[in-house]
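A.B. asks: Structure provided below as structure tokens; questions to follow.
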There are 4 protein chains.
Amino acid sequence: MKKIRIGLIGAGRIGKVHAEAISTQATAELVAVSDVNLPAAQALALKWHVSKVYQAYRPILDDPSVDAVAICSSTDTHAQIIIEAAQAGKHIFCEKPIDYSLEKIDAALEAVEKAGVKLTVGFNRRFDPNFRRVQELVSSGAIGTPRILRITSRDPTPPPIEYIKVSGGIFLDMTIHDFDMARFLIGSEVTQVFVAGGVMVDSKIGDAGDLDTAITTLWFANGAIGTIDNCREAAYGYDQRVEVFGSLGMAQAENNTPDRHILSTHEAVSSAKPLYFFLERYMDAYKTEMSAFTEAILNNAPLSITGLDGRAPVAIGLAAMKSYQEGRVVRIEEVH
Amino acid sequence: MKKIRIGLIGAGRIGKVHAEAISTQATAELVAVSDVNLPAAQALALKWHVSKVYQAYRPILDDPSVDAVAICSSTDTHAQIIIEAAQAGKHIFCEKPIDYSLEKIDAALEAVEKAGVKLTVGFNRRFDPNFRRVQELVSSGAIGTPRILRITSRDPTPPPIEYIKVSGGIFLDMTIHDFDMARFLIGSEVTQVFVAGGVMVDSKIGDAGDLDTAITTLWFANGAIGTIDNCREAAYGYDQRVEVFGSLGMAQAENNTPDRHILSTHEAVSSAKPLYFFLERYMDAYKTEMSAFTEAILNNAPLSITGLDGRAPVAIGLAAMKSYQEGRVVRIEEVH
Amino acid sequence: MKKIRIGLIGAGRIGKVHAEAISTQATAELVAVSDVNLPAAQALALKWHVSKVYQAYRPILDDPSVDAVAICSSTDTHAQIIIEAAQAGKHIFCEKPIDYSLEKIDAALEAVEKAGVKLTVGFNRRFDPNFRRVQELVSSGAIGTPRILRITSRDPTPPPIEYIKVSGGIFLDMTIHDFDMARFLIGSEVTQVFVAGGVMVDSKIGDAGDLDTAITTLWFANGAIGTIDNCREAAYGYDQRVEVFGSLGMAQAENNTPDRHILSTHEAVSSAKPLYFFLERYMDAYKTEMSAFTEAILNNAPLSITGLDGRAPVAIGLAAMKSYQEGRVVRIEEVH
Amino acid sequence: MKKIRIGLIGAGRIGKVHAEAISTQATAELVAVSDVNLPAAQALALKWHVSKVYQAYRPILDDPSVDAVAICSSTDTHAQIIIEAAQAGKHIFCEKPIDYSLEKIDAALEAVEKAGVKLTVGFNRRFDPNFRRVQELVSSGAIGTPRILRITSRDPTPPPIEYIKVSGGIFLDMTIHDFDMARFLIGSEVTQVFVAGGVMVDSKIGDAGDLDTAITTLWFANGAIGTIDNCREAAYGYDQRVEVFGSLGMAQAENNTPDRHILSTHEAVSSAKPLYFFLERYMDAYKTEMSAFTEAILNNAPLSITGLDGRAPVAIGLAAMKSYQEGRVVRIEEVH
């Protein structure tokens, strides 16, 4: 079977996830790794038997045996690498977000279109079987016309403050996944956003100019409305639930747990907590995502997540931050 | 055992509920019924073996053998009857809302205070065992400091348009229960409100100047934030869920169902829908509520729901409607 | 509305339950109470405003204003009182079991048939909405042909040893409800029984010649098989679940809980324990049961639970004890 | 990292499962495959890049570069291959059952002991996270002293009649997993067995001398009792649940499902069916099982499932069939 030969750019936390996703699937092969932190690239190469290891990403783009790249470097480098990779004729898998600047995103998407390569963005949650099932129920008409969307998305523990400072803020770092999920589940564009939020977890997050807890209201072009609640910390683990309520019913996805035990004692009936964090919850989704990417290349088929799908949540995120700062409803077109 | 002798003013839908709640408890006795629609009062009296039946409520207030009144007449009459009942020295159970006007409410509360009688307002959901358990968990500190409140409150089917027109609008008729629940669960006052909503169920509701679907964002004095989603119609029945998320965990209340069966076939695993509507879901809560009222009178103890608890949700409701109409955050004090 | 005038014979624990069930329904009236322990009868009469109170039951049978009797005295008196009540032309509600002797049961049923009065037996669980729903699903064909029945029936705490000694043994005192439930759910007679059991809760129960934990295998005339597991003690409360597995699917009934809260903390996800014991779990069923009895009398309609339904579980219970003692399969006809 | 070099004997359905389990783990390498059906071996070798392919298993045993074998051939060949593999100094993973004859099993275990190689048996369900969690709860004392074990084990669809005829019967083919689970969960030997069963799924199964539906009662050396219910067909899919009830509580494992969606409509609240069959439910368990095998070899550590664990369920199975045929309780020692 033909295998897509992939070069991995960035060997940090998410790079490791994608290295495993590439290495354990039948239609892909990890052939090169680069990282500005060379030992990180070397460690990853050792683990997955990759012979080509670099500090710079350019040799990967210059390698004619490489079919595609997975961009897992820091966000501020994504747009530039996309442009160069497109010009080098490589298909592109880019971690979210493409960039924090819509101008840079537009430049990158233009380069991709000009080069005629495929580009997808790492919104892995679309490949989670729970959310996928809800999306199928909504799009099949099983719940009628959507009226209300509810997303709960809470992390088990906040990232280090140093990460927070360069994260782009909660809306572009964390809620961006929920903005993508909102578009995926409702099948319609977000037109307006309103945010109520605060610093409830750690005052250092506030000192860094960010917030850690938020309720975001969304308006969709098809008339539906939605609410997303986020928190950077949840005592019981990663809380990832969605609910779409429509004219004929409601489709929900509950949390995944490591097992289905039930313990009944004189104190209570108890069961397992949600899977701890994104690696536990979404590892299968990361693999399915990468498999969808390589199969689309192999079959020259369209990707389900496009460059525009990568752009839209960034626009919503920018509008959300503006809404929080100004205390008012912000139309998405205000940030375009 | 001493029984509180109660006169019922208003023999409509909710009057019937309270007649049953009064008649089936050990510490209360239904001794008089009035309704502007006399046959309605007569039918109720017949069913519960009540000998005194009137078209006007005044004879009930003038009857020295009556200890207390349950006011179930139309909302526009509540404040006036409260004032007269207080002056007549009767303890007062008043259906929600006391009134749509904060001025009239204040006048009624002043009369009650002057007369030294007891007044409570029919926020029956506080006596639902599910919500009560969540409130206990929150107030006991089991979930730490509250951060996010989520309330879902959807009716199975909208009321007749004629009712909608005189209902005071969705926020004073339907969401008012959720505003009370929000204050009950978080134990802190609401300071601001923001509404996103629309007409999704029936355009006639929009024609009547009301909306039927809404997401309301709440800010609390203690720093927590909350979201309430409402719809006048839910295909699967009455949807009444709450969730309080705090620094140490989360307490939720799921819907009640008529039974706990599970049917597994080649098609799906299915179970019972939620109890159909408020009579099915809250009949026990109505009884507990009335029992709390009569026991407070018997023991001369304070009531858990006071006149101010009756006033606050009306203020929030007025602010919510203002927010919807003006598309902006409204501070509660703006409507005081 | 015509009310059935009922005399209550026996004012102990279960007598109190039925007094409440009678007094709070629209079609019945409690008019007389007797108990060999006269103060017990007097206390009950006071509570429910009953004017006729006796130590002997005979005055109740001799009272022409009494339509029906509820027999809640000790089991050894049931058969004799049934015979006398039938001869006195009273309709009869008899607590389970009718007797421990099939001969005495047959004599009682014969008297009832001769007198043409109605007789029902207190298998209240048939009126529990959970079990009723399972029975409807089975009888409607939703799960196809029944293959396997599973009943779990565990008490929160064993009764006093003094009660155990006169209880007739676990099979006639506790499992008898499950034998009735088995016949109700499968809609077919039990033909054979096999028991594995032991004394695991309290050795005093073994000293009294009884067992406290058992797994009973049942064979039905229609070819289905079943298993019942019992224990006199369950740390987490009253465990009352059933499951019918058939050719097209499975119908189950889970436990009822006092509420539907879910608490998620860093330790676990926990929820409410089952309702504590039979009064909490089945109070509504006791009321529905009594209502079914009085409505059948009012409408001269057949009762859903007949004298033969009272006899069959006793026969199964006797066979079960024989199986336990002899360590072999026992056909029900062996004890007839 | 050192990898255990494994030769696979038998490339049928379960051989394919183990080939994947071996090939996708870090500490094992699939180096040779044999099957009497050579094309089956060749297809498997092609898929997993294995260069050595044989029709006979002997070349694998004679290959000094092979560290261990996975025996997935037909059951009647297991014992002989174990003996030869042991003599060749190979560590052994053998699919269940080792054999249907206790004599042959004993001979195989003796050869293993003499050779000092490691042997484990494929009771993969012990590695399912649900059952593992229940076992941990029981062995940790969380539910006190075990009293009652309940296992439900139902297949979605019966195997072909041709397979049934050579399967060794339901107890040695299907229930054998449950007998192992019973010993695993209770941590005590089974001393007696009693079976009630019948042919309810397909009369051809009865014609083949087997049954398809059974309730098996178990007695354990530590005083606990248990019940297993089996059926060769379940309309809603693979039903794999366990429950251990003890003096301090109850631990249960519910079925796994492909997702956690909930769909609420006017008809019902529905959710996903159990995972379809053993490949879906236990694929992860197969991988963990193989990983436990290779890690025990690498670390020269004891295996959690031993040869005696492979023998015991066969003895219980033989006793169960005898109980069914003779309609009586059978002590396990009767078949030794």
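Chains: A, B, ... in order of the structure tokens. Residues: from 1 per chain. Ligands: from 1, in order shown.
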Going by DSSP on the backbone, which bits of range 152-305 of chain A are strand (DSSP E)? Write them as a PyMOL selection string, please.
C.D. replies: chain A and resi 152-154+190-198+213-220+225-231+239-246+249-253+261-265+269-271
A.B. asks: For the interface of chain C with chain A (cut-off 12 Å, counting only C-alpha atoms), please tabulate each contacting residue of chain C alongside its nearest pair of atoms and their separation in Å to one decimal, rows sorted by chain and increasing number, as a Markdown table.
C.D. replies:
| residue | atom | partner | partner_atom | distance |
| --- | --- | --- | --- | --- |
| C:Pro156 | CA | A:His266 | CA | 9.7 |
| C:Thr157 | CA | A:His266 | CA | 11.7 |
| C:Glu233 | CA | A:His266 | CA | 11.4 |
| C:Ala234 | CA | A:His266 | CA | 8.5 |
| C:Ala235 | CA | A:His266 | CA | 5.0 |
| C:Tyr236 | CA | A:His266 | CA | 4.3 |
| C:Gly237 | CA | A:His266 | CA | 7.3 |
| C:Tyr238 | CA | A:His266 | CA | 11.0 |
| C:Asp239 | CA | A:Ser264 | CA | 10.4 |
| C:Asn255 | CA | A:Val269 | CA | 11.5 |
| C:Thr257 | CA | A:Val269 | CA | 10.3 |
| C:Arg260 | CA | A:Val269 | CA | 11.5 |
| C:His261 | CA | A:Val269 | CA | 11.0 |
| C:Ile262 | CA | A:Ser270 | CA | 9.2 |
| C:Leu263 | CA | A:Ser270 | CA | 9.0 |
| C:Ser264 | CA | A:Tyr236 | CA | 5.9 |
| C:Thr265 | CA | A:Tyr236 | CA | 4.7 |
| C:His266 | CA | A:Tyr236 | CA | 4.3 |
| C:Glu267 | CA | A:Tyr236 | CA | 7.2 |
| C:Ala268 | CA | A:Lys273 | CA | 5.4 |
| C:Val269 | CA | A:Ser271 | CA | 5.3 |
| C:Ser270 | CA | A:Ser270 | CA | 4.0 |
| C:Ser271 | CA | A:Val269 | CA | 5.2 |
| C:Ala272 | CA | A:Ala268 | CA | 5.9 |
| C:Lys273 | CA | A:Ala268 | CA | 5.4 |
| C:Pro274 | CA | A:Val269 | CA | 8.6 |
| C:Leu275 | CA | A:Ala268 | CA | 11.7 |
| C:Tyr276 | CA | A:His266 | CA | 10.5 |
A.B. asks: If you measure from CA of Ile316 in chain D to CA of Gln240 in chain D, what distance in Å do you get, rounded to one decimal?
C.D. replies: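 Value for the CA of Ile316 in chain D-CA of Gln240 in chain D distance: 19.8 Å.
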A.B. asks: Report chain C as a compact mmCIF listing (two decimals) with C-alpha atoms, in the first residue's frame in the frame of chain B, after least-squares superposition over all C-alpha atoms paired in order.
C.D. replies:
# COMPACT_ATOMS: atom_id res chain seq x y z
CA MET C 1 -53.18 18.46 65.89
CA LYS C 2 -53.89 22.09 65.18
CA LYS C 3 -54.68 22.73 61.52
CA ILE C 4 -54.14 26.00 59.69
CA ARG C 5 -57.45 27.02 58.14
CA ILE C 6 -56.81 28.30 54.65
CA GLY C 7 -58.97 30.20 52.20
CA LEU C 8 -58.14 29.76 48.55
CA ILE C 9 -58.51 32.79 46.27
CA GLY C 10 -58.57 31.68 42.65
CA ALA C 11 -59.71 28.23 41.50
CA GLY C 12 -57.92 27.99 38.15
CA ARG C 13 -55.14 25.63 37.13
CA ILE C 14 -52.71 26.53 39.88
CA GLY C 15 -55.53 26.97 42.39
CA LYS C 16 -56.47 23.34 41.88
CA VAL C 17 -52.89 22.31 42.54
CA HIS C 18 -52.80 24.17 45.84
CA ALA C 19 -56.26 22.90 46.83
CA GLU C 20 -54.90 19.37 46.59
CA ALA C 21 -51.71 20.33 48.42
CA ILE C 22 -53.71 21.88 51.24
CA SER C 23 -56.31 19.11 51.47
CA THR C 24 -53.86 16.22 51.63
CA GLN C 25 -51.61 17.51 54.38
CA ALA C 26 -51.94 16.96 58.07
CA THR C 27 -51.48 20.56 59.26
CA ALA C 28 -53.82 22.40 56.90
CA GLU C 29 -57.49 22.50 56.09
CA LEU C 30 -59.12 24.12 53.09
CA VAL C 31 -62.11 26.02 54.50
CA ALA C 32 -63.14 28.50 51.80
CA VAL C 33 -62.77 29.02 48.06
CA SER C 34 -63.45 32.03 45.87
CA ASP C 35 -63.16 32.68 42.16
CA VAL C 36 -64.55 35.39 39.88
CA ASN C 37 -65.70 32.39 37.87
CA LEU C 38 -68.08 31.04 40.52
CA PRO C 39 -68.66 27.59 38.95
CA ALA C 40 -64.92 26.97 39.06
CA ALA C 41 -64.93 27.74 42.78
CA GLN C 42 -67.97 25.51 43.28
CA ALA C 43 -66.40 22.56 41.48
CA LEU C 44 -63.27 22.80 43.56
CA ALA C 45 -65.28 23.12 46.78
CA LEU C 46 -67.28 20.03 45.89
CA LYS C 47 -64.20 17.98 45.22
CA TRP C 48 -62.49 18.87 48.48
CA HIS C 49 -65.57 19.08 50.73
CA VAL C 50 -65.31 22.84 51.29
CA SER C 51 -68.50 24.49 52.51
CA LYS C 52 -67.74 28.18 51.99
CA VAL C 53 -67.75 29.23 48.35
CA TYR C 54 -67.69 32.77 47.01
CA GLN C 55 -67.32 34.77 43.81
CA ALA C 56 -65.53 37.61 45.66
CA TYR C 57 -62.45 37.15 47.77
CA ARG C 58 -63.43 39.71 50.36
CA PRO C 59 -65.66 37.37 52.43
CA ILE C 60 -62.66 35.13 52.92
CA LEU C 61 -60.62 37.99 54.33
CA ASP C 62 -63.56 38.99 56.55
CA ASP C 63 -63.95 35.48 57.94
CA PRO C 64 -62.34 35.38 61.40
CA SER C 65 -62.05 31.59 61.26
CA VAL C 66 -59.62 31.83 58.34
CA ASP C 67 -55.95 31.79 59.39
CA ALA C 68 -54.31 32.22 56.03
CA VAL C 69 -54.98 32.72 52.35
CA ALA C 70 -53.51 31.19 49.24
CA ILE C 71 -53.65 33.77 46.44
CA CYS C 72 -54.00 32.05 43.07
CA SER C 73 -55.94 34.69 41.20
CA SER C 74 -54.64 36.52 38.13
CA THR C 75 -51.33 38.29 38.66
CA ASP C 76 -52.76 41.80 38.33
CA THR C 77 -54.84 41.23 41.47
CA HIS C 78 -52.05 39.82 43.68
CA ALA C 79 -50.68 43.05 45.15
CA GLN C 80 -54.09 44.44 46.07
CA ILE C 81 -55.21 41.21 47.69
CA ILE C 82 -51.94 40.94 49.61
CA ILE C 83 -52.49 44.41 51.03
CA GLU C 84 -56.06 43.65 52.05
CA ALA C 85 -55.19 40.23 53.44
CA ALA C 86 -52.33 41.68 55.47
CA GLN C 87 -54.65 44.33 56.85
CA ALA C 88 -57.12 41.59 57.73
CA GLY C 89 -54.35 39.81 59.67
CA LYS C 90 -54.17 36.77 57.41
CA HIS C 91 -50.93 34.95 56.65
CA ILE C 92 -50.32 34.91 52.92
CA PHE C 93 -49.18 32.38 50.37
CA CYS C 94 -48.98 34.16 47.00
CA GLU C 95 -48.40 32.56 43.64
CA LYS C 96 -45.48 33.98 41.65
CA PRO C 97 -45.06 36.65 40.49
CA ILE C 98 -46.29 39.06 43.13
CA ASP C 99 -46.73 41.62 40.36
CA TYR C 100 -44.96 42.93 37.26
CA SER C 101 -44.42 46.33 38.90
CA LEU C 102 -41.74 46.76 41.51
CA GLU C 103 -43.69 49.70 42.95
CA LYS C 104 -46.76 47.58 43.52
CA ILE C 105 -44.63 44.81 45.01
CA ASP C 106 -42.99 47.27 47.38
CA ALA C 107 -46.39 48.56 48.47
CA ALA C 108 -47.57 45.03 49.12
CA LEU C 109 -44.45 44.07 51.07
CA GLU C 110 -44.80 47.23 53.14
CA ALA C 111 -48.36 46.31 54.05
CA VAL C 112 -47.24 42.85 55.04
CA GLU C 113 -44.45 44.16 57.21
CA LYS C 114 -46.75 46.67 58.87
CA ALA C 115 -49.33 43.99 59.65
CA GLY C 116 -46.73 41.55 60.95
CA VAL C 117 -48.22 38.62 59.02
CA LYS C 118 -46.22 35.99 57.24
CA LEU C 119 -45.86 36.09 53.46
CA THR C 120 -44.35 33.54 51.14
CA VAL C 121 -44.22 33.25 47.36
CA GLY C 122 -44.83 30.11 45.31
CA PHE C 123 -41.38 29.23 44.08
CA ASN C 124 -42.22 25.57 44.37
CA ARG C 125 -39.08 24.34 42.62
CA ARG C 126 -37.04 25.13 45.72
CA PHE C 127 -38.83 22.14 47.27
CA ASP C 128 -37.99 19.73 44.47
CA PRO C 129 -35.66 17.09 46.00
CA ASN C 130 -33.22 17.28 43.09
CA PHE C 131 -32.65 21.02 43.26
CA ARG C 132 -32.72 20.93 47.04
CA ARG C 133 -29.94 18.36 47.02
CA VAL C 134 -27.84 20.51 44.68
CA GLN C 135 -28.43 23.53 46.88
CA GLU C 136 -27.33 21.57 49.95
CA LEU C 137 -24.18 20.40 48.18
CA VAL C 138 -23.34 23.96 47.14
CA SER C 139 -24.09 25.57 50.51
CA SER C 140 -22.23 22.83 52.37
CA GLY C 141 -19.06 23.65 50.45
CA ALA C 142 -18.90 20.29 48.68
CA ILE C 143 -18.09 21.95 45.37
CA GLY C 144 -16.06 24.83 46.81
CA THR C 145 -16.56 28.36 45.52
CA PRO C 146 -19.21 28.49 42.79
CA ARG C 147 -17.91 29.63 39.42
CA ILE C 148 -20.48 28.75 36.76
CA LEU C 149 -24.21 28.10 37.02
CA ARG C 150 -26.09 26.41 34.21
CA ILE C 151 -29.85 26.09 34.16
CA THR C 152 -31.84 24.44 31.39
CA SER C 153 -35.55 25.11 31.59
CA ARG C 154 -37.73 24.15 28.67
CA ASP C 155 -41.48 23.61 28.57
CA PRO C 156 -42.99 20.71 26.63
CA THR C 157 -45.40 22.94 24.76
CA PRO C 158 -46.15 26.67 24.65
CA PRO C 159 -49.23 28.07 26.38
CA PRO C 160 -52.08 29.47 24.26
CA ILE C 161 -51.37 32.78 22.58
CA GLU C 162 -54.11 34.39 24.67
CA TYR C 163 -52.16 33.44 27.78
CA ILE C 164 -48.86 34.65 26.29
CA LYS C 165 -50.39 38.08 25.73
CA VAL C 166 -51.17 38.60 29.41
CA SER C 167 -48.26 36.60 30.81
CA GLY C 168 -45.91 39.52 31.34
CA GLY C 169 -43.50 37.99 28.84
CA ILE C 170 -41.28 34.92 28.98
CA PHE C 171 -38.95 36.41 31.62
CA LEU C 172 -41.68 37.23 34.14
CA ASP C 173 -43.76 34.15 33.38
CA MET C 174 -41.29 31.33 32.74
CA THR C 175 -37.71 32.40 33.43
CA ILE C 176 -38.76 33.95 36.73
CA HIS C 177 -38.59 30.44 38.23
CA ASP C 178 -35.03 30.11 36.94
CA PHE C 179 -34.05 33.51 38.30
CA ASP C 180 -35.30 32.35 41.69
CA MET C 181 -33.46 29.05 41.28
CA ALA C 182 -30.27 30.93 40.38
CA ARG C 183 -30.43 32.97 43.59
CA PHE C 184 -31.31 29.84 45.60
CA LEU C 185 -28.46 27.74 44.24
CA ILE C 186 -25.71 30.36 44.23
CA GLY C 187 -26.79 32.06 47.44
CA SER C 188 -25.93 35.48 46.09
CA GLU C 189 -27.77 38.33 44.38
CA VAL C 190 -27.84 38.81 40.63
CA THR C 191 -26.26 42.11 39.66
CA GLN C 192 -26.41 42.14 35.87
CA VAL C 193 -28.19 40.32 33.09
CA PHE C 194 -27.75 39.86 29.34
CA VAL C 195 -30.14 38.14 26.95
CA ALA C 196 -29.83 36.58 23.51
CA GLY C 197 -33.09 35.24 22.23
CA GLY C 198 -35.53 34.87 19.43
CA VAL C 199 -38.81 33.58 18.16
CA MET C 200 -38.18 30.01 17.02
CA VAL C 201 -41.27 28.11 18.15
CA ASP C 202 -44.23 30.13 16.92
CA SER C 203 -44.25 33.43 15.06
CA LYS C 204 -47.51 34.34 16.81
CA ILE C 205 -45.49 34.64 20.02
CA GLY C 206 -43.32 37.20 18.28
CA ASP C 207 -46.42 39.00 16.99
CA ALA C 208 -47.56 39.26 20.59
CA GLY C 209 -44.34 41.12 21.42
CA ASP C 210 -42.72 38.23 23.24
CA LEU C 211 -39.93 35.74 22.50
CA ASP C 212 -39.96 31.96 23.00
CA THR C 213 -36.29 30.96 23.12
CA ALA C 214 -33.56 32.64 25.13
CA ILE C 215 -30.09 32.33 26.56
CA THR C 216 -29.66 34.56 29.58
CA THR C 217 -26.29 35.37 31.10
CA LEU C 218 -26.19 36.27 34.80
CA TRP C 219 -23.58 37.92 36.99
CA PHE C 220 -23.70 37.33 40.75
CA ALA C 221 -22.50 39.58 43.55
CA ASN C 222 -20.11 36.86 44.74
CA GLY C 223 -18.31 36.77 41.40
CA ALA C 224 -19.93 33.69 39.87
CA ILE C 225 -21.48 33.80 36.41
CA GLY C 226 -24.37 31.82 35.01
CA THR C 227 -26.31 30.89 31.92
CA ILE C 228 -29.97 29.96 31.61
CA ASP C 229 -31.41 28.52 28.45
CA ASN C 230 -35.16 28.55 27.91
CA CYS C 231 -37.52 27.38 25.25
CA ARG C 232 -41.30 27.33 25.27
CA GLU C 233 -41.32 23.95 23.50
CA ALA C 234 -39.34 20.72 23.89
CA ALA C 235 -40.29 17.66 21.85
CA TYR C 236 -39.24 15.23 24.57
CA GLY C 237 -41.08 16.94 27.45
CA TYR C 238 -40.31 19.15 30.39
CA ASP C 239 -36.57 19.72 30.64
CA GLN C 240 -35.51 20.95 34.08
CA ARG C 241 -31.82 20.58 34.82
CA VAL C 242 -29.34 22.59 36.84
CA GLU C 243 -25.58 22.45 37.26
CA VAL C 244 -23.32 24.36 39.62
CA PHE C 245 -19.62 24.19 38.88
CA GLY C 246 -17.20 25.30 41.58
CA SER C 247 -13.57 25.24 42.59
CA LEU C 248 -13.82 21.74 44.10
CA GLY C 249 -16.32 20.08 41.80
CA MET C 250 -19.73 20.13 40.20
CA ALA C 251 -23.25 19.37 41.40
CA GLN C 252 -25.94 18.59 38.85
CA ALA C 253 -29.60 17.64 38.90
CA GLU C 254 -30.87 15.55 36.03
CA ASN C 255 -34.49 15.23 34.94
CA ASN C 256 -36.98 13.04 36.75
CA THR C 257 -38.65 10.29 34.73
CA PRO C 258 -41.84 8.34 35.34
CA ASP C 259 -39.83 5.14 35.67
CA ARG C 260 -36.32 3.71 35.40
CA HIS C 261 -36.82 1.13 32.70
CA ILE C 262 -34.18 0.48 30.05
CA LEU C 263 -35.13 -1.17 26.78
CA SER C 264 -32.31 -2.59 24.64
CA THR C 265 -33.15 -3.71 21.12
CA HIS C 266 -31.28 -3.99 17.85
CA GLU C 267 -32.10 -0.33 17.28
CA ALA C 268 -30.94 1.37 20.45
CA VAL C 269 -30.87 1.44 24.21
CA SER C 270 -33.81 3.59 25.27
CA SER C 271 -35.37 4.82 28.48
CA ALA C 272 -38.21 6.99 29.73
CA LYS C 273 -38.61 10.63 28.74
CA PRO C 274 -38.69 13.30 31.45
CA LEU C 275 -41.94 13.72 33.38
CA TYR C 276 -44.26 15.59 31.04
CA PHE C 277 -44.79 19.01 32.65
CA PHE C 278 -44.87 20.89 35.94
CA LEU C 279 -47.81 19.03 37.46
CA GLU C 280 -46.07 15.69 36.98
CA ARG C 281 -42.62 16.93 37.91
CA TYR C 282 -43.46 19.23 40.81
CA MET C 283 -46.66 17.89 42.44
CA ASP C 284 -44.68 16.66 45.44
CA ALA C 285 -42.85 19.99 45.57
CA TYR C 286 -46.18 21.86 45.67
CA LYS C 287 -47.20 19.77 48.65
CA THR C 288 -43.91 20.26 50.47
CA GLU C 289 -44.10 23.97 49.77
CA MET C 290 -47.57 24.28 51.30
CA SER C 291 -46.48 22.17 54.22
CA ALA C 292 -43.52 24.48 54.82
CA PHE C 293 -45.92 27.43 54.80
CA THR C 294 -48.36 25.98 57.33
CA GLU C 295 -45.63 24.66 59.60
CA ALA C 296 -43.94 28.05 59.69
CA ILE C 297 -47.26 29.56 60.81
CA LEU C 298 -47.84 26.84 63.39
CA ASN C 299 -44.37 27.19 64.84
CA ASN C 300 -44.18 30.94 64.29
CA ALA C 301 -40.93 30.27 62.45
CA PRO C 302 -39.42 32.28 59.60
CA LEU C 303 -40.32 31.27 56.06
CA SER C 304 -37.51 30.13 53.80
CA ILE C 305 -38.96 32.14 50.89
CA THR C 306 -39.73 35.73 51.81
CA GLY C 307 -41.33 38.72 50.16
CA LEU C 308 -37.90 39.93 49.05
CA ASP C 309 -37.38 36.56 47.39
CA GLY C 310 -40.60 37.30 45.54
CA ARG C 311 -39.40 40.75 44.50
CA ALA C 312 -35.86 39.93 43.30
CA PRO C 313 -36.74 37.64 40.36
CA VAL C 314 -39.23 40.25 39.07
CA ALA C 315 -36.46 42.85 39.03
CA ILE C 316 -34.19 40.41 37.16
CA GLY C 317 -37.01 39.65 34.74
CA LEU C 318 -37.61 43.31 34.00
CA ALA C 319 -33.89 43.81 33.43
CA ALA C 320 -33.78 40.75 31.18
CA MET C 321 -36.55 42.06 28.96
CA LYS C 322 -34.75 45.43 28.78
CA SER C 323 -31.52 43.65 27.83
CA TYR C 324 -33.28 41.74 25.06
CA GLN C 325 -34.92 44.89 23.72
CA GLU C 326 -31.78 47.02 23.86
CA GLY C 327 -29.20 44.35 23.02
CA ARG C 328 -26.93 45.21 25.93
CA VAL C 329 -25.97 44.25 29.47
CA VAL C 330 -28.44 45.69 32.00
CA ARG C 331 -27.62 46.21 35.66
CA ILE C 332 -30.47 45.13 37.96
CA GLU C 333 -30.41 48.49 39.74
CA GLU C 334 -31.44 50.14 36.44
CA VAL C 335 -34.94 48.79 36.92
CA HIS C 336 -35.28 49.45 40.61
A.B. asks: Please report, as a PyMOL selection string, each residue of range 38-189 of chain C to which DSSP assigns alpha helix (DSSP H) when run on this structure's backbone.
C.D. replies: chain C and resi 38-47+58-62+75-87+102-115+129-139+161-166+170-173+175-186
